[in-house]
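Chemist: This is my_file_25.cif (mmCIF, C-alpha atoms).
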data_model
#
loop_
_atom_site.group_PDB
_atom_site.id
_atom_site.type_symbol
_atom_site.label_atom_id
_atom_site.label_comp_id
_atom_site.auth_asym_id
_atom_site.auth_seq_id
_atom_site.Cartn_x
_atom_site.Cartn_y
_atom_site.Cartn_z
ATOM 1 C CA MET A 1 136.388 136.060 40.610
ATOM 2 C CA ALA A 2 139.803 137.666 40.028
ATOM 3 C CA GLN A 3 138.310 139.775 37.242
ATOM 4 C CA LYS A 4 135.532 140.957 39.595
ATOM 5 C CA SER A 5 138.069 141.917 42.246
ATOM 6 C CA GLU A 6 140.155 143.802 39.710
ATOM 7 C CA GLN A 7 137.063 145.642 38.522
ATOM 8 C CA GLY A 8 136.221 146.494 42.145
ATOM 9 C CA PHE A 9 139.680 147.990 42.726
ATOM 10 C CA ARG A 10 139.409 149.979 39.506
ATOM 11 C CA ASN A 11 136.009 151.341 40.497
ATOM 12 C CA LYS A 12 137.320 152.451 43.885
ATOM 13 C CA TRP A 13 140.261 154.253 42.314
ATOM 14 C CA GLN A 14 138.028 155.880 39.714
ATOM 15 C CA ALA A 15 135.710 157.050 42.486
ATOM 16 C CA ALA A 16 138.639 158.398 44.498
ATOM 17 C CA TRP A 17 140.295 160.075 41.529
ATOM 18 C CA SER A 18 137.041 161.761 40.553
ATOM 19 C CA PHE A 19 137.476 164.037 43.594
ATOM 20 C CA ARG A 20 139.685 167.006 42.874
ATOM 21 C CA SER A 21 140.848 167.067 46.498
ATOM 22 C CA PHE A 22 142.030 163.451 46.294
ATOM 23 C CA ARG A 23 144.014 164.221 43.152
ATOM 24 C CA LEU A 24 145.498 167.296 44.812
ATOM 25 C CA GLN A 25 146.425 165.355 47.945
ATOM 26 C CA THR A 26 148.096 162.648 45.884
ATOM 27 C CA ILE A 27 150.132 165.124 43.833
ATOM 28 C CA LEU A 28 151.170 167.324 46.782
ATOM 29 C CA GLY A 29 151.978 164.346 49.008
ATOM 30 C CA SER A 30 154.054 162.680 46.279
ATOM 31 C CA ILE A 31 156.025 165.871 45.604
ATOM 32 C CA ALA A 32 156.674 166.413 49.331
ATOM 33 C CA LEU A 33 157.792 162.804 49.814
ATOM 34 C CA ALA A 34 160.074 162.909 46.766
ATOM 35 C CA ALA A 35 161.649 166.139 48.050
ATOM 36 C CA THR A 36 162.220 164.539 51.457
ATOM 37 C CA PHE A 37 163.813 161.465 49.867
ATOM 38 C CA SER A 38 166.118 163.637 47.780
ATOM 39 C CA PHE A 39 167.290 165.343 50.987
ATOM 40 C CA PHE A 40 168.051 162.079 52.817
ATOM 41 C CA PRO A 41 171.533 161.246 51.409
ATOM 42 C CA SER A 42 173.064 164.651 52.203
ATOM 43 C CA PHE A 43 171.341 164.764 55.594
ATOM 44 C CA PHE A 44 172.564 161.331 56.641
ATOM 45 C CA ASN A 45 176.084 162.099 55.448
ATOM 46 C CA TYR A 46 175.972 165.244 57.584
ATOM 47 C CA ILE A 47 174.819 163.523 60.786
ATOM 48 C CA GLU A 48 177.410 160.790 60.340
ATOM 49 C CA LYS A 49 180.121 163.434 60.875
ATOM 50 C CA ARG A 50 178.647 164.590 64.206
ATOM 51 C CA ASN A 51 179.655 163.290 67.605
ATOM 52 C CA GLY A 52 177.364 162.546 70.504
ATOM 53 C CA PRO A 53 177.197 160.416 73.630
ATOM 54 C CA VAL A 54 177.049 156.633 73.711
ATOM 55 C CA LEU A 55 174.055 155.789 75.880
ATOM 56 C CA ASN A 56 174.297 153.379 78.779
ATOM 57 C CA ASP A 57 171.561 151.033 77.596
ATOM 58 C CA TRP A 58 170.692 148.459 80.271
ATOM 59 C CA LEU A 59 168.806 146.123 77.923
ATOM 60 C CA LEU A 60 171.229 146.369 75.011
ATOM 61 C CA SER A 61 174.186 145.579 77.264
ATOM 62 C CA ARG A 62 172.540 142.248 78.062
ATOM 63 C CA ILE A 63 171.954 141.242 74.439
ATOM 64 C CA GLU A 64 174.783 139.541 72.573
ATOM 65 C CA PRO A 65 174.989 141.186 69.120
ATOM 66 C CA HIS A 66 174.221 138.942 66.136
ATOM 67 C CA ASP A 67 173.930 139.674 62.436
ATOM 68 C CA VAL A 68 170.232 139.246 61.639
ATOM 69 C CA SER A 69 170.178 141.523 58.583
ATOM 70 C CA VAL A 70 168.464 138.927 56.405
ATOM 71 C CA LEU A 71 165.620 138.450 58.890
ATOM 72 C CA ILE A 72 165.147 142.212 59.271
ATOM 73 C CA PHE A 73 165.133 142.596 55.498
ATOM 74 C CA LEU A 74 162.564 139.800 55.076
ATOM 75 C CA PHE A 75 160.180 141.166 57.718
ATOM 76 C CA VAL A 76 160.412 144.771 56.501
ATOM 77 C CA TRP A 77 159.927 144.093 52.814
ATOM 78 C CA ALA A 78 157.344 141.318 53.248
ATOM 79 C CA LEU A 79 155.285 143.830 55.236
ATOM 80 C CA ALA A 80 155.914 146.561 52.647
ATOM 81 C CA LEU A 81 154.791 144.312 49.767
ATOM 82 C CA PHE A 82 151.713 143.283 51.731
ATOM 83 C CA LEU A 83 150.838 146.937 52.320
ATOM 84 C CA LEU A 84 151.370 147.671 48.621
ATOM 85 C CA VAL A 85 148.724 145.076 47.749
ATOM 86 C CA ARG A 86 146.292 146.655 50.212
ATOM 87 C CA MET A 87 147.008 150.157 48.850
ATOM 88 C CA VAL A 88 146.168 148.950 45.340
ATOM 89 C CA GLN A 89 142.899 147.567 46.704
ATOM 90 C CA GLN A 90 142.028 150.566 48.886
ATOM 91 C CA PRO A 91 142.889 154.130 47.793
ATOM 92 C CA GLY A 92 142.176 155.312 51.334
ATOM 93 C CA ILE A 93 145.043 153.236 52.735
ATOM 94 C CA PHE A 94 147.287 154.625 50.005
ATOM 95 C CA ILE A 95 146.550 158.289 50.691
ATOM 96 C CA VAL A 96 146.824 157.955 54.476
ATOM 97 C CA MET A 97 150.112 156.049 54.188
ATOM 98 C CA LEU A 98 151.487 158.576 51.694
ATOM 99 C CA TRP A 99 150.951 161.548 53.992
ATOM 100 C CA ALA A 100 151.767 159.711 57.205
ATOM 101 C CA TYR A 101 155.071 158.412 55.840
ATOM 102 C CA MET A 102 155.993 161.850 54.559
ATOM 103 C CA LEU A 103 155.305 163.314 58.037
ATOM 104 C CA LEU A 104 157.199 160.448 59.673
ATOM 105 C CA SER A 105 160.256 161.129 57.496
ATOM 106 C CA ILE A 106 160.220 164.855 58.277
ATOM 107 C CA MET A 107 159.785 164.166 61.983
ATOM 108 C CA ARG A 108 162.751 161.780 61.921
ATOM 109 C CA ILE A 109 164.906 164.473 60.353
ATOM 110 C CA ALA A 110 163.846 166.803 63.168
ATOM 111 C CA THR A 111 164.454 164.354 66.042
ATOM 112 C CA ILE A 112 167.769 163.092 64.659
ATOM 113 C CA SER A 113 168.896 166.711 64.268
ATOM 114 C CA LEU A 114 167.947 167.486 67.863
ATOM 115 C CA PHE A 115 169.458 164.386 69.470
ATOM 116 C CA ALA A 116 173.025 163.706 68.334
ATOM 117 C CA LEU A 117 174.019 160.211 69.427
ATOM 118 C CA ASN A 118 176.906 157.914 68.635
ATOM 119 C CA ALA A 119 176.179 154.343 67.650
ATOM 120 C CA PRO A 120 175.533 151.685 70.320
ATOM 121 C CA LYS A 121 178.390 149.422 71.400
ATOM 122 C CA GLY A 122 178.565 146.210 69.411
ATOM 123 C CA LEU A 123 176.703 147.573 66.386
ATOM 124 C CA LEU A 124 176.869 145.256 63.381
ATOM 125 C CA VAL A 125 176.494 146.639 59.865
ATOM 126 C CA MET A 126 172.979 145.976 58.590
ATOM 127 C CA ILE A 127 172.669 145.009 54.933
ATOM 128 C CA ASP A 128 169.470 146.276 53.337
ATOM 129 C CA PRO A 129 170.155 147.162 49.687
ATOM 130 C CA LEU A 130 166.702 148.664 49.101
ATOM 131 C CA SER A 131 166.704 151.009 52.115
ATOM 132 C CA ASN A 132 170.305 152.008 51.459
ATOM 133 C CA VAL A 133 169.243 153.603 48.160
ATOM 134 C CA PHE A 134 167.977 156.543 50.233
ATOM 135 C CA TYR A 135 170.936 156.571 52.632
ATOM 136 C CA GLY A 136 173.685 156.782 50.049
ATOM 137 C CA ARG A 137 176.555 154.341 49.663
ATOM 138 C CA THR A 138 177.863 154.606 53.226
ATOM 139 C CA PHE A 139 176.267 152.618 56.025
ATOM 140 C CA ILE A 140 174.751 155.172 58.406
ATOM 141 C CA THR A 141 175.126 154.522 62.129
ATOM 142 C CA LYS A 142 173.873 157.754 63.714
ATOM 143 C CA ASP A 143 170.288 157.958 62.444
ATOM 144 C CA LEU A 144 169.218 156.745 65.847
ATOM 145 C CA PHE A 145 166.347 158.526 67.550
ATOM 146 C CA TYR A 146 163.942 157.210 66.527
ATOM 147 C CA SER A 147 164.093 153.925 64.608
ATOM 148 C CA GLY A 148 163.014 154.361 60.998
ATOM 149 C CA HIS A 149 162.455 150.654 60.349
ATOM 150 C CA THR A 150 160.348 150.160 63.491
ATOM 151 C CA SER A 151 158.311 153.335 63.080
ATOM 152 C CA THR A 152 157.581 152.585 59.411
ATOM 153 C CA ALA A 153 156.457 149.062 60.285
ATOM 154 C CA PHE A 154 154.118 150.371 62.986
ATOM 155 C CA LEU A 155 152.838 153.012 60.585
ATOM 156 C CA MET A 156 151.840 150.209 58.214
ATOM 157 C CA PHE A 157 150.116 148.509 61.162
ATOM 158 C CA PHE A 158 148.086 151.654 61.911
ATOM 159 C CA CYS A 159 147.137 152.176 58.246
ATOM 160 C CA LEU A 160 145.887 148.639 57.615
ATOM 161 C CA ARG A 161 142.190 148.067 58.325
ATOM 162 C CA LYS A 162 141.395 144.339 58.478
ATOM 163 C CA LYS A 163 141.914 142.599 61.812
ATOM 164 C CA THR A 164 143.997 139.775 60.323
ATOM 165 C CA ASP A 165 146.116 142.299 58.403
ATOM 166 C CA LYS A 166 146.761 144.269 61.575
ATOM 167 C CA ILE A 167 147.716 141.143 63.528
ATOM 168 C CA PHE A 168 150.272 140.230 60.859
ATOM 169 C CA ALA A 169 151.630 143.791 60.754
ATOM 170 C CA PHE A 170 151.814 144.035 64.551
ATOM 171 C CA ILE A 171 153.781 140.788 64.876
ATOM 172 C CA ALA A 172 156.126 141.846 62.062
ATOM 173 C CA SER A 173 156.638 145.275 63.694
ATOM 174 C CA ILE A 174 157.502 143.727 67.069
ATOM 175 C CA MET A 175 159.931 141.305 65.417
ATOM 176 C CA ILE A 176 161.641 144.119 63.508
ATOM 177 C CA GLY A 177 162.142 146.096 66.718
ATOM 178 C CA ILE A 178 163.560 143.068 68.555
ATOM 179 C CA LEU A 179 165.892 142.140 65.686
ATOM 180 C CA LEU A 180 167.241 145.703 65.465
ATOM 181 C CA LEU A 181 168.207 145.424 69.128
ATOM 182 C CA VAL A 182 169.792 142.013 68.542
ATOM 183 C CA GLN A 183 171.940 143.583 65.837
ATOM 184 C CA HIS A 184 172.638 146.605 68.095
ATOM 185 C CA VAL A 185 171.591 148.965 65.293
ATOM 186 C CA HIS A 186 169.488 151.059 67.704
ATOM 187 C CA TYR A 187 169.201 151.868 71.375
ATOM 188 C CA THR A 188 166.169 150.563 73.256
ATOM 189 C CA ILE A 189 164.680 154.063 73.473
ATOM 190 C CA ASP A 190 164.884 154.404 69.670
ATOM 191 C CA VAL A 191 162.733 151.310 69.229
ATOM 192 C CA LEU A 192 160.307 152.019 72.091
ATOM 193 C CA ALA A 193 159.659 155.580 70.898
ATOM 194 C CA ALA A 194 159.015 154.524 67.291
ATOM 195 C CA PRO A 195 155.357 153.386 67.698
ATOM 196 C CA PHE A 196 154.468 156.667 69.430
ATOM 197 C CA PHE A 197 155.852 158.807 66.593
ATOM 198 C CA ALA A 198 154.221 156.513 64.024
ATOM 199 C CA PHE A 199 150.834 156.922 65.721
ATOM 200 C CA VAL A 200 151.186 160.717 65.904
ATOM 201 C CA CYS A 201 151.999 160.888 62.181
ATOM 202 C CA TYR A 202 149.113 158.560 61.360
ATOM 203 C CA ILE A 203 146.622 160.728 63.279
ATOM 204 C CA CYS A 204 148.021 163.945 61.762
ATOM 205 C CA ALA A 205 147.798 162.483 58.259
ATOM 206 C CA LYS A 206 144.154 161.554 58.741
ATOM 207 C CA LYS A 207 143.372 165.055 60.000
ATOM 208 C CA ILE A 208 145.116 166.626 56.999
ATOM 209 C CA ILE A 209 143.209 164.401 54.601
ATOM 210 C CA TRP A 210 139.829 164.941 56.233
ATOM 211 C CA GLY A 211 140.523 168.675 56.170
ATOM 212 C CA PHE A 212 139.750 168.553 52.445
ATOM 213 C CA SER A 213 136.128 168.749 51.393
ATOM 214 C CA TYR A 214 135.124 165.527 49.686
ATOM 215 C CA ARG A 215 132.971 162.546 50.465
ATOM 216 C CA GLY A 216 135.278 159.946 51.958
ATOM 217 C CA ASP A 217 133.203 156.786 51.722
ATOM 218 C CA PHE A 218 135.676 155.239 49.260
ATOM 219 C CA LEU A 219 138.493 155.403 51.798
ATOM 220 C CA TYR A 220 138.066 152.032 53.476
#
Have the structure of the file written as structure tokens, please.

Modeler:
Amino acid sequence: MAQKSEQGFRNKWQAAWSFRSFRLQTILGSIALAATFSFFPSFFNYIEKRNGPVLNDWLLSRIEPHDVSVLIFLFVWALALFLLVRMVQQPGIFIVMLWAYMLLSIMRIATISLFALNAPKGLLVMIDPLSNVFYGRTFITKDLFYSGHTSTAFLMFFCLRKKTDKIFAFIASIMIGILLLVQHVHYTIDVLAAPFFAFVCYICAKKIIWGFSYRGDFLY
């Protein structure tokens, strides 16, 4: 049974890779994402030197800050590993996630640049050694609007296809948003806005992909 499944995945990837447009999308998307990642450390170091207002957050002021870094880490990376499995199984999920995440990262750079904010009161340093690879060695506190962790989790939710997968991803996304508020890493508006931006990037990615001329029946 496992061998059959593996053969099925291989056939789907061979079918996808046989389209020149799919290969082109994969290469261009990977280059764009790598370039964005390489820009992250200098960008986040730059925004950390800026000053902005501290928002009067009604909800956050009523939440006692607690260090829930481990729980955030577990939810984020359990969801990421789950998505990785689905991307191996379905090249369509891979290509949509690739472009959507690249757009999400660029949009975050734009919104963070536009809205300079100081960190919320009571912020506790969040330990996430994997994410911090892209942030540099210093813990960044001013990458606020909008939440990268929450938006990425919701992006995974939008990209997944099976109902049970989406239920799991939705619950994990909600928990990540709540835990970020408990740790006072983000303002409420940062978390609430994240699903909207994730959905916009997801829709834009699908439009970009379908703009290429190839038969897309291997996608899902």

Chemist: Assuming the chain letters and numbering stay as they are in my file, what does the PyMOL selection byres ((chain A and resi 51) around 7) actually select? List them as a VMD selection string.

Modeler: chain A and resid 49 to 50 52 116 to 118

Chemist: Just say which residues the PyMOL selection byres ((chain A and resi 170-187) around 8) picks in this file, as JSON, numbers by chain.

Modeler: {"A": [55, 57, 60, 63, 64, 65, 66, 67, 68, 69, 71, 72, 75, 76, 79, 119, 120, 121, 122, 123, 124, 125, 126, 141, 144, 147, 149, 150, 153, 154, 157, 166, 167, 168, 169, 188, 189, 190, 191]}

Chemist: Quick one: pull the distance between CA of Thr164 in chain A and CA of Met97 in chain A, Å, one decimal.

Modeler: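 So the answer is 18.4 Å.
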
Chemist: Would you list the contacts of range 22-30 of chain A as a count of residues only, taking every protein, DNA or RNA residue within 9 Å and counting only C-alpha atoms, but skipping same-chain residues closer than 3 positions in sequence?

Modeler: 14

Chemist: What's the separation between CA of Phe73 in chain A and CA of Leu155 in chain A, in Å to one decimal place?

Modeler: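 Value for the CA of Phe73 in chain A-CA of Leu155 in chain A distance: 16.9 Å.
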
Chemist: Determine, for each residue of range 138-220 of chain A having at least one atom at most 12 Å from an atom of range 84-87 of chain A, the closest pair of atoms and their separation in Å to one decimal, counting all atoms listed in the file; order by chain and ascending number, as JSON lines.

Modeler:
{"residue": "A:Met156", "atom": "CA", "partner": "A:Leu84", "partner_atom": "CA", "distance": 9.9}
{"residue": "A:Phe157", "atom": "CA", "partner": "A:Arg86", "partner_atom": "CA", "distance": 11.7}
{"residue": "A:Cys159", "atom": "CA", "partner": "A:Met87", "partner_atom": "CA", "distance": 9.6}
{"residue": "A:Leu160", "atom": "CA", "partner": "A:Arg86", "partner_atom": "CA", "distance": 7.7}
{"residue": "A:Arg161", "atom": "CA", "partner": "A:Arg86", "partner_atom": "CA", "distance": 9.2}
{"residue": "A:Lys162", "atom": "CA", "partner": "A:Arg86", "partner_atom": "CA", "distance": 9.9}
{"residue": "A:Asp165", "atom": "CA", "partner": "A:Arg86", "partner_atom": "CA", "distance": 9.3}
{"residue": "A:Lys166", "atom": "CA", "partner": "A:Arg86", "partner_atom": "CA", "distance": 11.6}
{"residue": "A:Leu219", "atom": "CA", "partner": "A:Met87", "partner_atom": "CA", "distance": 10.4}
{"residue": "A:Tyr220", "atom": "CA", "partner": "A:Met87", "partner_atom": "CA", "distance": 10.2}

Chemist: Based on the selection just made, write C-alpha atoms of those residues as a short mmCIF file (atom, residue, chain, number, x, y, z; two decimals), in the coordinates of the input.

Modeler:
data_model
loop_
_atom_site.label_atom_id
_atom_site.label_comp_id
_atom_site.auth_asym_id
_atom_site.auth_seq_id
_atom_site.Cartn_x
_atom_site.Cartn_y
_atom_site.Cartn_z
CA MET A 156 151.84 150.21 58.21
CA PHE A 157 150.12 148.51 61.16
CA CYS A 159 147.14 152.18 58.25
CA LEU A 160 145.89 148.64 57.62
CA ARG A 161 142.19 148.07 58.32
CA LYS A 162 141.40 144.34 58.48
CA ASP A 165 146.12 142.30 58.40
CA LYS A 166 146.76 144.27 61.58
CA LEU A 219 138.49 155.40 51.80
CA TYR A 220 138.07 152.03 53.48
#

Chemist: Just give me the gap between CA of Thr152 in chain A and CA of Ala80 in chain A in Å, one decimal is fine.

Modeler: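 Taking CA of Thr152 in chain A as the start and CA of Ala80 in chain A as the end point, the length is 9.2 Å.
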
Chemist: Leaving out range 7-15 of chain A and any residue of its chain fewer than 6 positions from it, which residues lie within 8 Å of it when counting all atoms listed in the file, given as a PyMOL selection string?

Modeler: chain A and resi 88-91+218

Chemist: Return the single residue from A:Phe158, A:Lys206, A:Ile109, A:Leu192 that is closest to Phe43 in chain A, with distances computed using only C-alpha atoms.

Modeler: A:Ile109

Chemist: Selection in question (the file shown): the PyMOL selection byres ((chain A and resi 104) around 8). Which residues does it include, as a list in words?

Modeler: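 Evaluating the PyMOL selection byres ((chain A and resi 104) around 8) on these coordinates yields Ala100, Tyr101, Met102, Leu103, Ser105, Ile106, Met107, Arg108, Ser151, Thr152, Phe197, Ala198 and Cys201 of chain A.
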
Chemist: With distances taken over all atoms listed in the file, which residue among A:Thr111, A:Trp58, A:Ser21, A:Asp143 lies nearest Phe40 in chain A?

Modeler: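 Looking at the shortest contact to Phe40 in chain A, the residue is A:Asp143.
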
Chemist: Just checking: using all atoms listed in the file, which residue out of A:Ile93, A:Ala194, A:Ile203, A:Ile47 ends up closest to Tyr146 in chain A?

Modeler: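 Under the stated criterion, the closest residue is A:Ala194.
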